[in-house]
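Trainee: Sharing a structure, written as structure tokens. Questions coming.
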Amino acid sequence: MALININLKSGTVEKQNDIIVGIDLGTTNSLVAYINDGQPVCVTDATGKNTLVPSVLHFNTEGGVLVGDAAKEKLITDPQNTIYSVKRLMGKSYKDVSGFENYFGYTIIDAPDEESLVKIRVGDKFYTPVELSSFILKELKTRIETTLGQPIAKAVITVPAYFNDSQRQATRDAGKLAGLDVLRIVNEPTAAALAYGLNTERGETVAVFDLGGGTFDISILQIQDGIFEVLSTHGDTFLGGDDFDRAIIDFWLQQNNISNELIFKDKEFGQAIRLGAEKAKKALSDELGIRNYELRIGQYMFQITKAEFERLISPLVERTIDSCKKALADAKLQTADIQAVVMVGGSTRVPLVKERVAAFFGKPVYDNINPDEVVALGAAIQADVLAGNQRDVLLIDITPLSLGIETVGGLMDVIIARNSKIPTKAARQYTTSVDGQKNLKVAVYQGERDLVQHNRKLGEFVLRGIPPMPAGLPKIDIAFYLDADGILRVKAKELRSNVEQEVTMKSSYGLSEEEMALMLIDSIQNAESDMKARALLEARNEANNVILAAEKFIVQNAAILSEEEIEETKSLTKQLRKTVIGDDKDAINAAMADLNVYTEPLAHRALDANIMTAMKGKQVV
């Protein structure tokens, strides 16, 4: 347990020499900020004008990676190798993005298990959103190190208030992979409120309306004596300025009788019309009052008026107002109870958005700080608090190292992340990996490395008496309860049978501050090799599940499969089994993708046949 002693009213803190920066890792753009002469400022590019780093990556044929404006230029000329909107995929499973795959110009590979986290294919390489986000964070790290002329190792990173544990952990992992010690994950609305100085002793209830490129959330905060309490939050991980662009694109396609399929088949045309729609949105939202926008792409002429634009996005804006209503209801408040409405995110520049929000809350909105920068500025203020340069903030007790369990392949799965406020509790669900498995060993570890062999083992116990079931069917809930004294209680329960086991252990396990620091430095220095090792083990684990599923599929559906289909499935399965032995995770993922692509139509046919068999002789009323 680490204790940060900060007196709420008048205490002092021993200052640290390290500069801690604030980072807004955004869907469309990202920024980094720091405190300069007592004021938060966003770092600019070499021209000294632009603070935004487009959250876009381009992979060239030589294996190099471009980030930011240079990568954005490749969206039209090389869309297959240009990645954008990664934040929408952070901590997401294939099931989460089902139906949205065609939105992206790049390839999101299929998975046999809908619960598996997404992977993005670029050429023959496979990347996770964590790896892709780390490239953006590295670019931000380089930008501020160039500006300040010194290394930067510590950061505060913001996330939407509704981000779940998996998404927050993914953001932490991206920071670590970029060489950053992520001291705190801060909710974006809290950062925005900090930037506006909404931190009065008399207390205020604040609504933070955050509409970015890909995500939306509304948060109701109670601020009193430097304590920020989130009363409620509501939002949509797939609602933002990108969807405004999508509405314009659909309008233009219909206007020119163009099939929707064209933008998926012709990637260059698809990106050209997407960027054109973004320009139209910005032009029609400009204070100069442009009423009509025209654009020619090849043989097509596109045009849209401001009135048409507002009509198209009106349903989307109303969805944000519906979320505002739900957030207020959850907080048991009325619009009259809100003292300030803070606008965050570039999409709040759209006049219709500001008008509807102001009308709903019945008061002018706070929008005098650049909505693109406000979150990063607030993150810098929070970073300054952690650096010990600000007073009148809360006494915080935190856990200094992550706590988690060992999963298949010796991986460390974090359940309570380092720097989590305590007391706290967190839980995750797991399942068995072998048919008929009756016992499950739960080994608990403390540390920041991706493999448990590099972390410190706190203890273990065995959950016995699990009813024999096929692999993957049992639902085992593993919960961590960490009290204010740093005592960890671990509970495992099989939810179908209610079999459970519990153990108590000391989380610190006698670690000194020096040992903790060394473990943390070790994790940062080995982040890249750890990530590669984790990616390989995860690919092997997933591949072994695919092999098992393919073998079962052939046995169970031999009657409806042709001899050629059975042989091809066996051949692809054999190739995957051969690839799993190797150390190339991209080759494993490619072999998996080949097998999945081939067997997907077979699986649909088998499902239809099984339904027909089950329904035979029955009437549907």
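Letters for chains follow the order of the structure tokens (A, B, ...), residue numbers begin at 1 for each chain, and ligand numbers begin at 1 in the order shown.
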Env of segment 143-146 of chain A: 12 Å cut, atoms = only C-alpha atoms, seq-sep filter 6 positions within chain, self excluded. Answer as a ChimeraX atom specification.
Mentor: /A:19-23,30-35,41-46,48,50-53,67-68,136-137,152-155
Trainee: Segment 171-240 of chain A near segment 359-366 of chain A within 12 Å: what's each residue's closest atom pair and its distance in Å to one decimal, counting only C-alpha atoms, ordered by chain then ascending residue number, as a tab-separated table?
Mentor:
residue	atom	partner	partner_atom	distance
A:Ala192	CA	A:Tyr366	CA	10.6
A:Ala193	CA	A:Tyr366	CA	10.3
A:Ala195	CA	A:Tyr366	CA	11.3
A:Tyr196	CA	A:Tyr366	CA	8.5
A:Gly197	CA	A:Tyr366	CA	11.6
A:Leu198	CA	A:Tyr366	CA	10.9
A:Val206	CA	A:Tyr366	CA	10.5
A:Ala207	CA	A:Phe361	CA	9.2
A:Val208	CA	A:Tyr366	CA	9.4
A:Phe209	CA	A:Val365	CA	9.5
A:Asp210	CA	A:Tyr366	CA	11.9
Trainee: Name the residues in contact with segment 120-129 of chain A at a cut-off of 8 Å, using only C-alpha atoms, excluding same-chain residues fewer than 5 positions from it; report them as a ChimeraX atom specification.
Mentor: /A:59,80-81,86-87,89-91,106-109,586-587,589-590
Trainee: Write to file, as a PDB file, in the first residue's frame, the residues of the selection just made, with N, CA and C atoms.
Mentor:
ATOM      1  N   PHE A  59       1.207   2.101 -41.844  1.00  0.00           N
ATOM      2  CA  PHE A  59       2.306   1.138 -41.868  1.00  0.00           C
ATOM      3  C   PHE A  59       2.815   1.029 -43.305  1.00  0.00           C
ATOM      4  N   GLN A  80      -5.816   0.503 -46.812  1.00  0.00           N
ATOM      5  CA  GLN A  80      -5.707  -0.822 -46.186  1.00  0.00           C
ATOM      6  C   GLN A  80      -4.659  -0.849 -45.088  1.00  0.00           C
ATOM      7  N   ASN A  81      -3.637   0.019 -45.211  1.00  0.00           N
ATOM      8  CA  ASN A  81      -2.540   0.030 -44.241  1.00  0.00           C
ATOM      9  C   ASN A  81      -2.583   1.252 -43.333  1.00  0.00           C
ATOM     10  N   VAL A  86      -8.938   3.913 -33.386  1.00  0.00           N
ATOM     11  CA  VAL A  86      -8.536   2.759 -32.578  1.00  0.00           C
ATOM     12  C   VAL A  86      -9.238   2.755 -31.217  1.00  0.00           C
ATOM     13  N   LYS A  87      -9.500   3.935 -30.674  1.00  0.00           N
ATOM     14  CA  LYS A  87     -10.109   4.023 -29.347  1.00  0.00           C
ATOM     15  C   LYS A  87     -11.451   3.295 -29.292  1.00  0.00           C
ATOM     16  N   LEU A  89     -12.060   0.574 -30.461  1.00  0.00           N
ATOM     17  CA  LEU A  89     -11.810  -0.865 -30.359  1.00  0.00           C
ATOM     18  C   LEU A  89     -11.124  -1.255 -29.055  1.00  0.00           C
ATOM     19  N   MET A  90     -10.723  -0.287 -28.241  1.00  0.00           N
ATOM     20  CA  MET A  90      -9.978  -0.589 -27.013  1.00  0.00           C
ATOM     21  C   MET A  90     -10.818  -1.452 -26.071  1.00  0.00           C
ATOM     22  N   GLY A  91     -10.253  -2.606 -25.692  1.00  0.00           N
ATOM     23  CA  GLY A  91     -10.933  -3.485 -24.752  1.00  0.00           C
ATOM     24  C   GLY A  91     -12.196  -4.111 -25.290  1.00  0.00           C
ATOM     25  N   TYR A 106      -9.913  -0.686 -42.744  1.00  0.00           N
ATOM     26  CA  TYR A 106      -8.922  -1.741 -42.560  1.00  0.00           C
ATOM     27  C   TYR A 106      -9.618  -3.025 -42.130  1.00  0.00           C
ATOM     28  N   THR A 107      -8.843  -4.088 -41.986  1.00  0.00           N
ATOM     29  CA  THR A 107      -9.413  -5.416 -41.748  1.00  0.00           C
ATOM     30  C   THR A 107      -9.395  -5.787 -40.273  1.00  0.00           C
ATOM     31  N   ILE A 108     -10.579  -6.047 -39.741  1.00  0.00           N
ATOM     32  CA  ILE A 108     -10.704  -6.620 -38.397  1.00  0.00           C
ATOM     33  C   ILE A 108     -10.979  -8.100 -38.593  1.00  0.00           C
ATOM     34  N   ILE A 109     -10.089  -8.954 -38.105  1.00  0.00           N
ATOM     35  CA  ILE A 109     -10.212 -10.377 -38.425  1.00  0.00           C
ATOM     36  C   ILE A 109     -11.302 -11.032 -37.590  1.00  0.00           C
ATOM     37  N   ASP A 586       2.011 -13.825 -35.804  1.00  0.00           N
ATOM     38  CA  ASP A 586       1.297 -13.398 -37.003  1.00  0.00           C
ATOM     39  C   ASP A 586       0.967 -14.584 -37.902  1.00  0.00           C
ATOM     40  N   ALA A 587       1.881 -15.535 -37.999  1.00  0.00           N
ATOM     41  CA  ALA A 587       1.628 -16.740 -38.791  1.00  0.00           C
ATOM     42  C   ALA A 587       0.495 -17.555 -38.172  1.00  0.00           C
ATOM     43  N   ASN A 589      -1.969 -16.324 -36.300  1.00  0.00           N
ATOM     44  CA  ASN A 589      -3.210 -15.581 -36.549  1.00  0.00           C
ATOM     45  C   ASN A 589      -3.655 -15.747 -38.006  1.00  0.00           C
ATOM     46  N   ALA A 590      -2.704 -15.766 -38.942  1.00  0.00           N
ATOM     47  CA  ALA A 590      -3.049 -15.926 -40.353  1.00  0.00           C
ATOM     48  C   ALA A 590      -3.651 -17.307 -40.606  1.00  0.00           C
TER      49      ALA A 590
END
Trainee: Got a sec to tell me which of segment 479-575 of chain A DSSP assigns to helix (DSSP H, G or I), as number ranges by chain?
Mentor: A: 513-525, 527-556, 558-560, 563-575
Trainee: Could you pull the residues within 8 Å of Leu411 of chain A, counting only C-alpha atoms, minus those fewer than 3 positions along the same chain, as a VMD selection string?
Mentor: chain A and resid 406 to 408 450 to 452 534 537
Trainee: Take the residues from that selection and put them in a file with N, CA, C and O atoms, as a PDB file, in the first residue's frame.
Mentor:
ATOM      1  N   GLU A 406      -2.990 -16.006 -12.465  1.00  0.00           N
ATOM      2  CA  GLU A 406      -2.350 -16.674 -13.584  1.00  0.00           C
ATOM      3  C   GLU A 406      -3.412 -17.316 -14.464  1.00  0.00           C
ATOM      4  O   GLU A 406      -4.311 -17.990 -13.985  1.00  0.00           O
ATOM      5  N   THR A 407      -3.310 -17.094 -15.790  1.00  0.00           N
ATOM      6  CA  THR A 407      -4.211 -17.747 -16.727  1.00  0.00           C
ATOM      7  C   THR A 407      -3.401 -18.659 -17.644  1.00  0.00           C
ATOM      8  O   THR A 407      -2.182 -18.770 -17.506  1.00  0.00           O
ATOM      9  N   VAL A 408      -4.076 -19.309 -18.598  1.00  0.00           N
ATOM     10  CA  VAL A 408      -3.442 -20.311 -19.450  1.00  0.00           C
ATOM     11  C   VAL A 408      -2.184 -19.754 -20.116  1.00  0.00           C
ATOM     12  O   VAL A 408      -2.187 -18.643 -20.648  1.00  0.00           O
ATOM     13  N   ASP A 450       3.894  -8.976 -17.814  1.00  0.00           N
ATOM     14  CA  ASP A 450       2.812  -9.702 -18.479  1.00  0.00           C
ATOM     15  C   ASP A 450       2.825 -11.199 -18.181  1.00  0.00           C
ATOM     16  O   ASP A 450       1.804 -11.868 -18.328  1.00  0.00           O
ATOM     17  N   LEU A 451       3.987 -11.732 -17.798  1.00  0.00           N
ATOM     18  CA  LEU A 451       4.093 -13.147 -17.453  1.00  0.00           C
ATOM     19  C   LEU A 451       4.260 -13.284 -15.944  1.00  0.00           C
ATOM     20  O   LEU A 451       5.032 -12.549 -15.330  1.00  0.00           O
ATOM     21  N   VAL A 452       3.545 -14.252 -15.351  1.00  0.00           N
ATOM     22  CA  VAL A 452       3.575 -14.387 -13.895  1.00  0.00           C
ATOM     23  C   VAL A 452       4.952 -14.767 -13.383  1.00  0.00           C
ATOM     24  O   VAL A 452       5.296 -14.474 -12.230  1.00  0.00           O
ATOM     25  N   ARG A 534       3.255 -12.094 -24.521  1.00  0.00           N
ATOM     26  CA  ARG A 534       1.821 -12.235 -24.233  1.00  0.00           C
ATOM     27  C   ARG A 534       1.040 -12.490 -25.525  1.00  0.00           C
ATOM     28  O   ARG A 534       0.172 -13.365 -25.570  1.00  0.00           O
ATOM     29  N   LEU A 537       1.543 -16.093 -26.666  1.00  0.00           N
ATOM     30  CA  LEU A 537       0.812 -17.046 -25.829  1.00  0.00           C
ATOM     31  C   LEU A 537      -0.692 -16.953 -26.059  1.00  0.00           C
ATOM     32  O   LEU A 537      -1.387 -17.974 -26.116  1.00  0.00           O
TER      33      LEU A 537
END
